[in-house]
$ cat start_19.cif   # mmCIF, C-alpha atoms, pLDDT in the B column; chains and numbers go by the auth columns
data_protein
#
loop_
_atom_site.group_PDB
_atom_site.id
_atom_site.type_symbol
_atom_site.label_atom_id
_atom_site.label_comp_id
_atom_site.label_asym_id
_atom_site.label_seq_id
_atom_site.Cartn_x
_atom_site.Cartn_y
_atom_site.Cartn_z
_atom_site.B_iso_or_equiv
_atom_site.auth_seq_id
_atom_site.auth_asym_id
ATOM 1 C CA MET A 1 -21.983 -5.517 12.708 96.00 1 H
ATOM 2 C CA ASN A 2 -22.081 -8.806 10.788 98.00 2 H
ATOM 3 C CA ASN A 3 -18.823 -9.851 9.085 98.00 3 H
ATOM 4 C CA LEU A 4 -20.517 -10.227 5.694 98.00 4 H
ATOM 5 C CA GLN A 5 -22.080 -6.801 6.101 98.00 5 H
ATOM 6 C CA LEU A 6 -18.626 -5.377 6.800 98.00 6 H
ATOM 7 C CA GLU A 7 -17.267 -7.062 3.669 98.00 7 H
ATOM 8 C CA LYS A 8 -20.100 -5.535 1.618 98.00 8 H
ATOM 9 C CA ILE A 9 -19.368 -2.058 3.006 98.00 9 H
ATOM 10 C CA LEU A 10 -15.687 -2.441 2.093 98.00 10 H
ATOM 11 C CA ASN A 11 -16.497 -3.840 -1.366 98.00 11 H
ATOM 12 C CA ASP A 12 -18.849 -0.945 -2.035 98.00 12 H
ATOM 13 C CA LYS A 13 -16.132 1.517 -1.038 98.00 13 H
ATOM 14 C CA LEU A 14 -13.145 -0.083 -2.791 98.00 14 H
ATOM 15 C CA SER A 15 -14.836 -1.687 -5.869 98.00 15 H
ATOM 16 C CA PRO A 16 -12.496 -4.702 -6.147 98.00 16 H
ATOM 17 C CA GLN A 17 -14.492 -6.042 -9.113 97.00 17 H
ATOM 18 C CA LEU A 18 -13.081 -3.267 -11.311 95.00 18 H
ATOM 19 C CA ILE A 19 -9.455 -4.416 -11.229 94.00 19 H
ATOM 20 C CA LYS A 20 -7.648 -7.671 -11.968 94.00 20 H
ATOM 21 C CA ASP A 21 -5.547 -8.640 -8.946 97.00 21 H
ATOM 22 C CA TYR A 22 -3.003 -11.220 -7.800 94.00 22 H
ATOM 23 C CA SER A 23 -4.991 -12.355 -4.764 97.00 23 H
ATOM 24 C CA PRO A 24 -8.645 -12.515 -3.696 98.00 24 H
ATOM 25 C CA ASN A 25 -10.033 -9.302 -2.236 98.00 25 H
ATOM 26 C CA GLY A 26 -12.510 -9.298 0.631 98.00 26 H
ATOM 27 C CA LEU A 27 -13.117 -11.942 3.305 98.00 27 H
ATOM 28 C CA GLN A 28 -10.305 -14.510 2.945 98.00 28 H
ATOM 29 C CA VAL A 29 -10.649 -16.473 6.201 98.00 29 H
ATOM 30 C CA GLU A 30 -14.049 -16.498 7.884 98.00 30 H
ATOM 31 C CA GLY A 31 -14.233 -16.108 11.644 98.00 31 H
ATOM 32 C CA GLN A 32 -17.013 -15.145 14.025 97.00 32 H
ATOM 33 C CA SER A 33 -20.030 -13.474 12.476 98.00 33 H
ATOM 34 C CA GLU A 34 -20.269 -10.508 14.859 98.00 34 H
ATOM 35 C CA VAL A 35 -17.621 -7.812 14.374 98.00 35 H
ATOM 36 C CA LYS A 36 -16.810 -5.746 17.453 98.00 36 H
ATOM 37 C CA LYS A 37 -13.050 -5.141 17.362 98.00 37 H
ATOM 38 C CA ILE A 38 -10.953 -4.683 14.198 98.00 38 H
ATOM 39 C CA VAL A 39 -7.160 -4.568 13.938 99.00 39 H
ATOM 40 C CA THR A 40 -5.650 -3.119 10.752 99.00 40 H
ATOM 41 C CA GLY A 41 -2.106 -3.541 9.456 98.00 41 H
ATOM 42 C CA VAL A 42 -0.089 -3.780 6.254 98.00 42 H
ATOM 43 C CA THR A 43 0.584 -7.533 6.149 98.00 43 H
ATOM 44 C CA ALA A 44 -1.129 -10.486 7.848 98.00 44 H
ATOM 45 C CA SER A 45 2.110 -11.733 9.390 98.00 45 H
ATOM 46 C CA GLN A 46 2.189 -13.971 12.452 98.00 46 H
ATOM 47 C CA ALA A 47 3.287 -10.978 14.528 98.00 47 H
ATOM 48 C CA LEU A 48 0.202 -8.999 13.472 98.00 48 H
ATOM 49 C CA ILE A 49 -2.074 -11.997 14.116 98.00 49 H
ATOM 50 C CA ASP A 50 -0.558 -12.415 17.587 98.00 50 H
ATOM 51 C CA LYS A 51 -1.179 -8.746 18.308 98.00 51 H
ATOM 52 C CA ALA A 52 -4.798 -9.067 17.153 98.00 52 H
ATOM 53 C CA ILE A 53 -5.244 -12.046 19.488 98.00 53 H
ATOM 54 C CA GLU A 54 -3.668 -10.086 22.357 98.00 54 H
ATOM 55 C CA LEU A 55 -6.091 -7.195 21.773 98.00 55 H
ATOM 56 C CA GLY A 56 -9.109 -9.509 21.572 98.00 56 H
ATOM 57 C CA ALA A 57 -9.885 -8.606 17.967 98.00 57 H
ATOM 58 C CA ASP A 58 -12.425 -10.590 15.967 98.00 58 H
ATOM 59 C CA THR A 59 -11.348 -9.146 12.611 98.00 59 H
ATOM 60 C CA LEU A 60 -7.996 -8.477 10.954 99.00 60 H
ATOM 61 C CA LEU A 61 -8.108 -6.060 7.992 99.00 61 H
ATOM 62 C CA VAL A 62 -4.931 -5.871 5.899 99.00 62 H
ATOM 63 C CA HIS A 63 -3.420 -4.777 2.595 98.00 63 H
ATOM 64 C CA HIS A 64 -1.372 -7.967 2.090 98.00 64 H
ATOM 65 C CA GLY A 65 -3.500 -11.002 2.838 98.00 65 H
ATOM 66 C CA TYR A 66 -3.194 -14.608 1.631 98.00 66 H
ATOM 67 C CA PHE A 67 -3.695 -16.932 -1.355 97.00 67 H
ATOM 68 C CA TRP A 68 -1.480 -15.167 -3.887 98.00 68 H
ATOM 69 C CA LYS A 69 -1.316 -16.433 -7.443 96.00 69 H
ATOM 70 C CA GLY A 70 1.625 -18.788 -7.864 95.00 70 H
ATOM 71 C CA GLU A 71 2.166 -19.485 -4.160 94.00 71 H
ATOM 72 C CA PRO A 72 2.218 -23.125 -2.947 94.00 72 H
ATOM 73 C CA GLU A 73 -1.335 -24.318 -2.274 94.00 73 H
ATOM 74 C CA PRO A 74 -0.819 -26.663 0.738 96.00 74 H
ATOM 75 C CA ILE A 75 -1.707 -25.113 4.072 96.00 75 H
ATOM 76 C CA ARG A 76 1.423 -26.089 5.984 97.00 76 H
ATOM 77 C CA GLY A 77 4.501 -24.538 7.578 97.00 77 H
ATOM 78 C CA MET A 78 4.315 -20.771 8.078 98.00 78 H
ATOM 79 C CA LYS A 79 1.098 -20.498 6.076 97.00 79 H
ATOM 80 C CA GLY A 80 -0.529 -23.281 8.102 98.00 80 H
ATOM 81 C CA LYS A 81 0.462 -21.726 11.424 98.00 81 H
ATOM 82 C CA ARG A 82 -0.996 -18.360 10.439 98.00 82 H
ATOM 83 C CA ILE A 83 -4.301 -19.805 9.280 98.00 83 H
ATOM 84 C CA ARG A 84 -4.578 -22.132 12.292 98.00 84 H
ATOM 85 C CA SER A 85 -4.074 -19.125 14.581 98.00 85 H
ATOM 86 C CA LEU A 86 -6.894 -17.231 12.862 98.00 86 H
ATOM 87 C CA ILE A 87 -9.281 -20.197 12.947 98.00 87 H
ATOM 88 C CA LYS A 88 -8.445 -21.156 16.543 98.00 88 H
ATOM 89 C CA HIS A 89 -9.294 -17.643 17.723 98.00 89 H
ATOM 90 C CA ASP A 90 -12.260 -17.255 15.361 98.00 90 H
ATOM 91 C CA ILE A 91 -10.755 -14.170 13.660 98.00 91 H
ATOM 92 C CA ASN A 92 -11.927 -12.910 10.282 98.00 92 H
ATOM 93 C CA LEU A 93 -9.168 -12.056 7.805 99.00 93 H
ATOM 94 C CA ILE A 94 -10.143 -9.420 5.244 99.00 94 H
ATOM 95 C CA GLY A 95 -7.643 -8.210 2.647 98.00 95 H
ATOM 96 C CA TYR A 96 -7.612 -5.627 -0.141 98.00 96 H
ATOM 97 C CA HIS A 97 -4.571 -5.363 -2.387 98.00 97 H
ATOM 98 C CA LEU A 98 -4.684 -3.313 -5.616 98.00 98 H
ATOM 99 C CA PRO A 99 -8.120 -1.801 -4.839 98.00 99 H
ATOM 100 C CA LEU A 100 -6.536 -0.203 -1.781 98.00 100 H
ATOM 101 C CA ASP A 101 -3.469 0.936 -3.736 98.00 101 H
ATOM 102 C CA ILE A 102 -5.512 2.847 -6.299 98.00 102 H
ATOM 103 C CA HIS A 103 -8.484 4.197 -4.340 98.00 103 H
ATOM 104 C CA PRO A 104 -8.591 7.965 -5.011 97.00 104 H
ATOM 105 C CA GLU A 105 -9.582 8.888 -1.461 97.00 105 H
ATOM 106 C CA LEU A 106 -8.160 6.239 0.901 98.00 106 H
ATOM 107 C CA GLY A 107 -5.589 4.469 -1.264 98.00 107 H
ATOM 108 C CA ASN A 108 -1.873 4.096 -0.692 98.00 108 H
ATOM 109 C CA ASN A 109 -1.069 6.295 -3.681 98.00 109 H
ATOM 110 C CA ALA A 110 -3.525 8.973 -2.571 98.00 110 H
ATOM 111 C CA GLU A 111 -2.188 8.939 0.976 98.00 111 H
ATOM 112 C CA LEU A 112 1.451 9.156 -0.172 98.00 112 H
ATOM 113 C CA ALA A 113 0.573 12.151 -2.343 98.00 113 H
ATOM 114 C CA ARG A 114 -1.129 13.838 0.599 98.00 114 H
ATOM 115 C CA LEU A 115 1.811 13.202 2.915 98.00 115 H
ATOM 116 C CA LEU A 116 4.396 14.468 0.409 98.00 116 H
ATOM 117 C CA ASP A 117 2.275 17.450 -0.678 97.00 117 H
ATOM 118 C CA ILE A 118 1.902 16.298 -4.297 98.00 118 H
ATOM 119 C CA GLU A 119 -0.987 17.609 -6.393 98.00 119 H
ATOM 120 C CA VAL A 120 -2.481 14.565 -8.157 97.00 120 H
ATOM 121 C CA GLU A 121 -3.063 15.050 -11.891 97.00 121 H
ATOM 122 C CA GLY A 122 -3.996 11.548 -13.069 97.00 122 H
ATOM 123 C CA GLY A 123 -3.098 7.933 -13.671 97.00 123 H
ATOM 124 C CA LEU A 124 0.283 7.277 -15.235 97.00 124 H
ATOM 125 C CA GLU A 125 -1.230 4.440 -17.276 97.00 125 H
ATOM 126 C CA GLY A 126 -3.873 6.783 -18.669 94.00 126 H
ATOM 127 C CA HIS A 127 -6.986 5.286 -17.054 92.00 127 H
ATOM 128 C CA ALA A 128 -8.950 5.435 -13.809 87.00 128 H
ATOM 129 C CA GLN A 129 -7.647 2.079 -12.506 93.00 129 H
ATOM 130 C CA SER A 130 -3.989 2.987 -13.027 97.00 130 H
ATOM 131 C CA VAL A 131 -1.723 1.503 -10.374 97.00 131 H
ATOM 132 C CA ALA A 132 0.764 4.368 -10.816 98.00 132 H
ATOM 133 C CA MET A 133 -0.013 8.077 -10.573 98.00 133 H
ATOM 134 C CA TYR A 134 1.523 11.376 -11.630 98.00 134 H
ATOM 135 C CA GLY A 135 1.284 14.957 -10.444 98.00 135 H
ATOM 136 C CA ARG A 136 3.377 17.911 -9.391 98.00 136 H
ATOM 137 C CA LEU A 137 4.896 19.505 -6.353 97.00 137 H
ATOM 138 C CA LYS A 138 3.610 22.945 -5.400 91.00 138 H
ATOM 139 C CA GLN A 139 7.172 24.228 -5.452 95.00 139 H
ATOM 140 C CA PRO A 140 10.171 22.663 -7.250 97.00 140 H
ATOM 141 C CA VAL A 141 12.779 21.041 -4.996 98.00 141 H
ATOM 142 C CA THR A 142 16.140 19.390 -5.399 97.00 142 H
ATOM 143 C CA GLY A 143 16.556 15.646 -5.160 97.00 143 H
ATOM 144 C CA ALA A 144 18.245 16.020 -1.786 96.00 144 H
ATOM 145 C CA GLU A 145 15.349 18.130 -0.499 97.00 145 H
ATOM 146 C CA LEU A 146 12.754 15.584 -1.641 98.00 146 H
ATOM 147 C CA ALA A 147 14.769 12.741 -0.091 98.00 147 H
ATOM 148 C CA LYS A 148 14.777 14.633 3.210 98.00 148 H
ATOM 149 C CA ARG A 149 11.011 15.196 2.972 98.00 149 H
ATOM 150 C CA ILE A 150 10.401 11.482 2.348 98.00 150 H
ATOM 151 C CA ASP A 151 12.638 10.567 5.287 98.00 151 H
ATOM 152 C CA THR A 152 10.792 12.978 7.584 98.00 152 H
ATOM 153 C CA VAL A 153 7.299 11.870 6.517 98.00 153 H
ATOM 154 C CA LEU A 154 7.853 8.094 6.317 98.00 154 H
ATOM 155 C CA SER A 155 10.512 7.802 9.042 96.00 155 H
ATOM 156 C CA ARG A 156 12.693 5.953 6.567 96.00 156 H
ATOM 157 C CA ALA A 157 15.588 7.331 4.524 97.00 157 H
ATOM 158 C CA PRO A 158 14.934 6.581 0.836 98.00 158 H
ATOM 159 C CA LEU A 159 17.511 5.303 -1.618 98.00 159 H
ATOM 160 C CA HIS A 160 17.957 8.166 -4.096 98.00 160 H
ATOM 161 C CA ILE A 161 19.291 7.449 -7.589 98.00 161 H
ATOM 162 C CA ALA A 162 20.040 10.808 -9.208 96.00 162 H
ATOM 163 C CA PRO A 163 20.358 11.531 -12.930 93.00 163 H
ATOM 164 C CA GLU A 164 23.667 12.758 -14.348 89.00 164 H
ATOM 165 C CA ASN A 165 22.632 16.294 -13.473 87.00 165 H
ATOM 166 C CA ALA A 166 22.036 15.683 -9.778 86.00 166 H
ATOM 167 C CA ASP A 167 20.980 19.321 -9.315 87.00 167 H
ATOM 168 C CA LYS A 168 18.043 18.952 -11.734 92.00 168 H
ATOM 169 C CA LEU A 169 15.003 20.385 -9.950 97.00 169 H
ATOM 170 C CA ILE A 170 11.919 18.256 -9.371 98.00 170 H
ATOM 171 C CA GLU A 171 8.461 19.609 -10.124 98.00 171 H
ATOM 172 C CA THR A 172 6.618 16.848 -12.010 98.00 172 H
ATOM 173 C CA ILE A 173 6.594 13.468 -10.330 98.00 173 H
ATOM 174 C CA GLY A 174 5.223 9.948 -10.719 98.00 174 H
ATOM 175 C CA TRP A 175 4.760 7.376 -7.964 98.00 175 H
ATOM 176 C CA CYS A 176 3.547 3.869 -7.201 98.00 176 H
ATOM 177 C CA THR A 177 3.610 2.523 -3.658 98.00 177 H
ATOM 178 C CA GLY A 178 4.984 -0.949 -2.993 98.00 178 H
ATOM 179 C CA GLY A 179 6.707 -2.892 -5.748 97.00 179 H
ATOM 180 C CA GLY A 180 6.078 -0.475 -8.618 97.00 180 H
ATOM 181 C CA GLN A 181 9.650 0.291 -9.655 98.00 181 H
ATOM 182 C CA ASP A 182 9.189 -0.612 -13.331 98.00 182 H
ATOM 183 C CA TYR A 183 6.693 2.218 -13.789 98.00 183 H
ATOM 184 C CA ILE A 184 9.784 4.428 -13.949 98.00 184 H
ATOM 185 C CA GLU A 185 9.754 3.675 -17.680 98.00 185 H
ATOM 186 C CA LEU A 186 6.338 5.322 -18.100 98.00 186 H
ATOM 187 C CA ALA A 187 7.461 8.216 -15.937 98.00 187 H
ATOM 188 C CA ALA A 188 10.502 8.762 -18.160 97.00 188 H
ATOM 189 C CA GLN A 189 8.405 8.468 -21.341 97.00 189 H
ATOM 190 C CA ASN A 190 6.170 11.216 -19.968 97.00 190 H
ATOM 191 C CA SER A 191 9.207 13.423 -19.240 97.00 191 H
ATOM 192 C CA LEU A 192 8.564 13.530 -15.493 98.00 192 H
ATOM 193 C CA ASP A 193 11.341 14.848 -13.288 98.00 193 H
ATOM 194 C CA ALA A 194 11.162 12.082 -10.675 98.00 194 H
ATOM 195 C CA PHE A 195 9.598 8.766 -9.753 98.00 195 H
ATOM 196 C CA ILE A 196 8.942 7.213 -6.321 98.00 196 H
ATOM 197 C CA SER A 197 8.141 3.604 -5.496 98.00 197 H
ATOM 198 C CA GLY A 198 8.625 1.304 -2.552 98.00 198 H
ATOM 199 C CA GLU A 199 11.097 -1.207 -3.974 98.00 199 H
ATOM 200 C CA ILE A 200 14.036 -0.988 -6.357 98.00 200 H
ATOM 201 C CA SER A 201 15.538 -3.513 -8.788 98.00 201 H
ATOM 202 C CA GLU A 202 19.087 -3.603 -10.122 98.00 202 H
ATOM 203 C CA ARG A 203 17.836 -2.390 -13.501 98.00 203 H
ATOM 204 C CA THR A 204 16.089 0.618 -11.960 98.00 204 H
ATOM 205 C CA THR A 205 19.423 2.319 -11.280 97.00 205 H
ATOM 206 C CA TYR A 206 20.325 2.389 -14.961 97.00 206 H
ATOM 207 C CA SER A 207 16.832 3.455 -16.004 96.00 207 H
ATOM 208 C CA ALA A 208 17.100 6.502 -13.770 97.00 208 H
ATOM 209 C CA ARG A 209 20.646 7.441 -14.775 96.00 209 H
ATOM 210 C CA GLU A 210 20.185 6.930 -18.501 96.00 210 H
ATOM 211 C CA GLN A 211 16.740 8.506 -18.802 96.00 211 H
ATOM 212 C CA ASP A 212 17.536 11.669 -16.814 95.00 212 H
ATOM 213 C CA ILE A 213 15.052 11.099 -13.996 97.00 213 H
ATOM 214 C CA HIS A 214 15.389 11.146 -10.221 98.00 214 H
ATOM 215 C CA TYR A 215 14.338 7.894 -8.565 98.00 215 H
ATOM 216 C CA PHE A 216 13.490 7.262 -4.914 98.00 216 H
ATOM 217 C CA ALA A 217 13.027 3.808 -3.351 98.00 217 H
ATOM 218 C CA ALA A 218 11.100 4.704 -0.198 98.00 218 H
ATOM 219 C CA GLY A 219 10.299 1.227 1.157 98.00 219 H
ATOM 220 C CA HIS A 220 7.480 -1.178 0.291 98.00 220 H
ATOM 221 C CA HIS A 221 6.147 -1.252 3.849 98.00 221 H
ATOM 222 C CA ALA A 222 6.790 2.433 4.523 98.00 222 H
ATOM 223 C CA THR A 223 4.865 3.586 1.450 98.00 223 H
ATOM 224 C CA GLU A 224 1.923 1.262 2.183 98.00 224 H
ATOM 225 C CA ARG A 225 1.228 1.948 5.856 98.00 225 H
ATOM 226 C CA TYR A 226 -1.177 4.736 5.198 98.00 226 H
ATOM 227 C CA GLY A 227 -3.923 3.330 2.985 98.00 227 H
ATOM 228 C CA ILE A 228 -4.952 0.609 5.417 98.00 228 H
ATOM 229 C CA LYS A 229 -4.673 3.089 8.287 98.00 229 H
ATOM 230 C CA ALA A 230 -6.937 5.548 6.441 98.00 230 H
ATOM 231 C CA LEU A 231 -9.417 2.756 5.655 98.00 231 H
ATOM 232 C CA GLY A 232 -9.665 1.853 9.339 98.00 232 H
ATOM 233 C CA GLU A 233 -10.164 5.488 10.291 98.00 233 H
ATOM 234 C CA TRP A 234 -12.934 5.752 7.683 98.00 234 H
ATOM 235 C CA LEU A 235 -14.678 2.716 9.205 98.00 235 H
ATOM 236 C CA THR A 236 -14.570 4.398 12.599 98.00 236 H
ATOM 237 C CA GLU A 237 -15.776 7.783 11.344 98.00 237 H
ATOM 238 C CA GLN A 238 -18.488 6.543 9.000 98.00 238 H
ATOM 239 C CA HIS A 239 -19.642 3.338 10.713 98.00 239 H
ATOM 240 C CA GLY A 240 -18.661 3.750 14.367 98.00 240 H
ATOM 241 C CA LEU A 241 -16.451 0.653 14.442 98.00 241 H
ATOM 242 C CA ASP A 242 -13.678 0.045 16.970 98.00 242 H
ATOM 243 C CA VAL A 243 -10.499 -0.065 14.879 98.00 243 H
ATOM 244 C CA THR A 244 -6.839 -0.129 15.974 98.00 244 H
ATOM 245 C CA PHE A 245 -3.939 0.241 13.519 98.00 245 H
ATOM 246 C CA ILE A 246 -0.829 -1.809 14.364 98.00 246 H
ATOM 247 C CA ASP A 247 2.451 -1.084 12.591 98.00 247 H
ATOM 248 C CA ILE A 248 4.706 -4.157 12.581 98.00 248 H
ATOM 249 C CA ASP A 249 8.245 -2.996 11.828 93.00 249 H
ATOM 250 C CA ASN A 250 9.541 -3.978 8.390 96.00 250 H
ATOM 251 C CA PRO A 251 12.714 -2.383 6.954 95.00 251 H
ATOM 252 C CA VAL A 252 11.937 -3.371 3.343 95.00 252 H
#

$ encode --input "start_19.cif" --output "structure tokens"
Amino acid sequence: MNNLQLEKILNDKLSPQLIKDYSPNGLQVEGQSEVKKIVTGVTASQALIDKAIELGADTLLVHHGYFWKGEPEPIRGMKGKRIRSLIKHDINLIGYHLPLDIHPELGNNAELARLLDIEVEGGLEGHAQSVAMYGRLKQPVTGAELAKRIDTVLSRAPLHIAPENADKLIETIGWCTGGGQDYIELAAQNSLDAFISGEISERTTYSAREQDIHYFAAGHHATERYGIKALGEWLTEQHGLDVTFIDIDNPV
């Protein structure tokens, strides 16, 4: 398959033109035109690039790519080494950020809901491109029980901030993978019982305690493994491509 054809297939599936993002979506660094071997991963770190080189990949497909708004523009230091490695080995870098977070079938939010057995009800922001979602558990659980479920599913113990009534059962729940901790405010305004995101800020603790809502920080990397993995599996199933998912350890 041609690399530009692959980009078109991904654009058609993820519709990046529908959402304003913090980085370019699609082909970010152009490598060889013929795509035979794809490696997927969360972030285009040097470790993931090295693994792609080791496996003889011609394409690296990630959730966190390059050229973020506000980052230094010179291609030097760590950034220069990464890009030189890609160019030297003629590897395409393709990245999809928010379009992969919100995709209703393959997205990070959709995959987290599937893994935690949450019934999706809609976007927390009230529109189809909402970065945060809400829904409900099939059966109410305690905060401790949900923390254990998250730990089991994601292989990472979450940080659980409980409301004053720590025994308050959880049925309705909001979530946003990655750095979506401030959506806890919308979750509280909508009287949800709990909110999950990847990262936590100092202020999030007080928001949870004072607004009577359970909060779980489940890890930015841990909550965003599954969208890019699902996207690679879809490419294999629907287009017969050779795709390997590589999980580079990240405790954050």

$ closest_residue --input "start_19.cif" --among "H:Leu154, H:Ile200, H:Ile38, H:Met78" --to "H:Glu111" --atoms "all atoms listed in the file"
H:Leu154

$ resolve_selection --input "start_19.cif" --expression "the PyMOL selection byres ((chain H and resi 229) around 10)" --output "JSON, numbers by chain"
{"H": [39, 40, 41, 42, 61, 62, 63, 106, 107, 108, 111, 224, 225, 226, 227, 228, 230, 231, 232, 233, 234, 243, 244, 245, 246, 247]}

$ atom_distance --input "start_19.cif" --atom1 "atom CA of H:Arg149" --atom2 "atom CA of H:Leu116"
7.1 Å

$ closest_residue --input "start_19.cif" --among "H:Lys51, H:Lys37, H:Lys20, H:His103" --to "H:Lys69" --atoms "all atoms listed in the file"
H:Lys20

$ closest_residue --input "start_19.cif" --among "H:Ala188, H:Ala157, H:Asn3, H:Thr177" --to "H:Pro251" --atoms "only C-alpha atoms"
H:Ala157

$ build_atoms --input "start_19.cif" --residues "stretch 116-132 of chain H" --atoms "N, CA, C and O atoms" --output "compact mmCIF listing (two decimals), in the coordinates of the input"
# COMPACT_ATOMS: atom_id res chain seq x y z
N LEU H 116 3.25 13.81 1.04
CA LEU H 116 4.40 14.47 0.41
C LEU H 116 4.02 15.78 -0.27
O LEU H 116 4.84 16.41 -0.92
N ASP H 117 2.75 16.18 -0.13
CA ASP H 117 2.28 17.45 -0.68
C ASP H 117 2.40 17.49 -2.21
O ASP H 117 2.88 18.46 -2.79
N ILE H 118 1.92 16.39 -2.83
CA ILE H 118 1.90 16.30 -4.30
C ILE H 118 0.48 16.53 -4.78
O ILE H 118 -0.47 15.95 -4.26
N GLU H 119 0.32 17.38 -5.78
CA GLU H 119 -0.99 17.61 -6.39
C GLU H 119 -1.22 16.53 -7.45
O GLU H 119 -0.49 16.45 -8.45
N VAL H 120 -2.20 15.68 -7.24
CA VAL H 120 -2.48 14.56 -8.16
C VAL H 120 -3.08 15.10 -9.46
O VAL H 120 -4.02 15.90 -9.44
N GLU H 121 -2.54 14.63 -10.59
CA GLU H 121 -3.06 15.05 -11.89
C GLU H 121 -3.72 13.92 -12.65
O GLU H 121 -4.55 14.15 -13.52
N GLY H 122 -3.35 12.66 -12.37
CA GLY H 122 -4.00 11.55 -13.07
C GLY H 122 -3.24 10.25 -12.93
O GLY H 122 -2.24 10.14 -12.21
N GLY H 123 -3.73 9.24 -13.67
CA GLY H 123 -3.10 7.93 -13.67
C GLY H 123 -2.00 7.86 -14.72
O GLY H 123 -2.21 8.26 -15.87
N LEU H 124 -0.86 7.35 -14.32
CA LEU H 124 0.28 7.28 -15.24
C LEU H 124 0.01 6.34 -16.41
O LEU H 124 0.58 6.49 -17.48
N GLU H 125 -0.88 5.36 -16.20
CA GLU H 125 -1.23 4.44 -17.28
C GLU H 125 -2.36 4.98 -18.16
O GLU H 125 -2.77 4.32 -19.11
N GLY H 126 -2.88 6.14 -17.82
CA GLY H 126 -3.87 6.78 -18.67
C GLY H 126 -5.31 6.36 -18.46
O GLY H 126 -6.16 6.63 -19.30
N HIS H 127 -5.60 5.68 -17.32
CA HIS H 127 -6.99 5.29 -17.05
C HIS H 127 -7.25 5.33 -15.56
O HIS H 127 -6.32 5.44 -14.74
N ALA H 128 -8.53 5.23 -15.19
CA ALA H 128 -8.95 5.44 -13.81
C ALA H 128 -8.42 4.37 -12.86
O ALA H 128 -8.26 4.62 -11.66
N GLN H 129 -8.15 3.16 -13.36
CA GLN H 129 -7.65 2.08 -12.51
C GLN H 129 -6.12 1.96 -12.55
O GLN H 129 -5.56 0.92 -12.21
N SER H 130 -5.45 3.02 -12.96
CA SER H 130 -3.99 2.99 -13.03
C SER H 130 -3.38 2.72 -11.66
O SER H 130 -3.78 3.31 -10.66
N VAL H 131 -2.40 1.83 -11.63
CA VAL H 131 -1.72 1.50 -10.37
C VAL H 131 -0.68 2.56 -10.03
O VAL H 131 -0.30 2.72 -8.87
N ALA H 132 -0.21 3.29 -11.02
CA ALA H 132 0.76 4.37 -10.82
C ALA H 132 0.11 5.71 -11.12
O ALA H 132 -0.77 5.80 -11.98
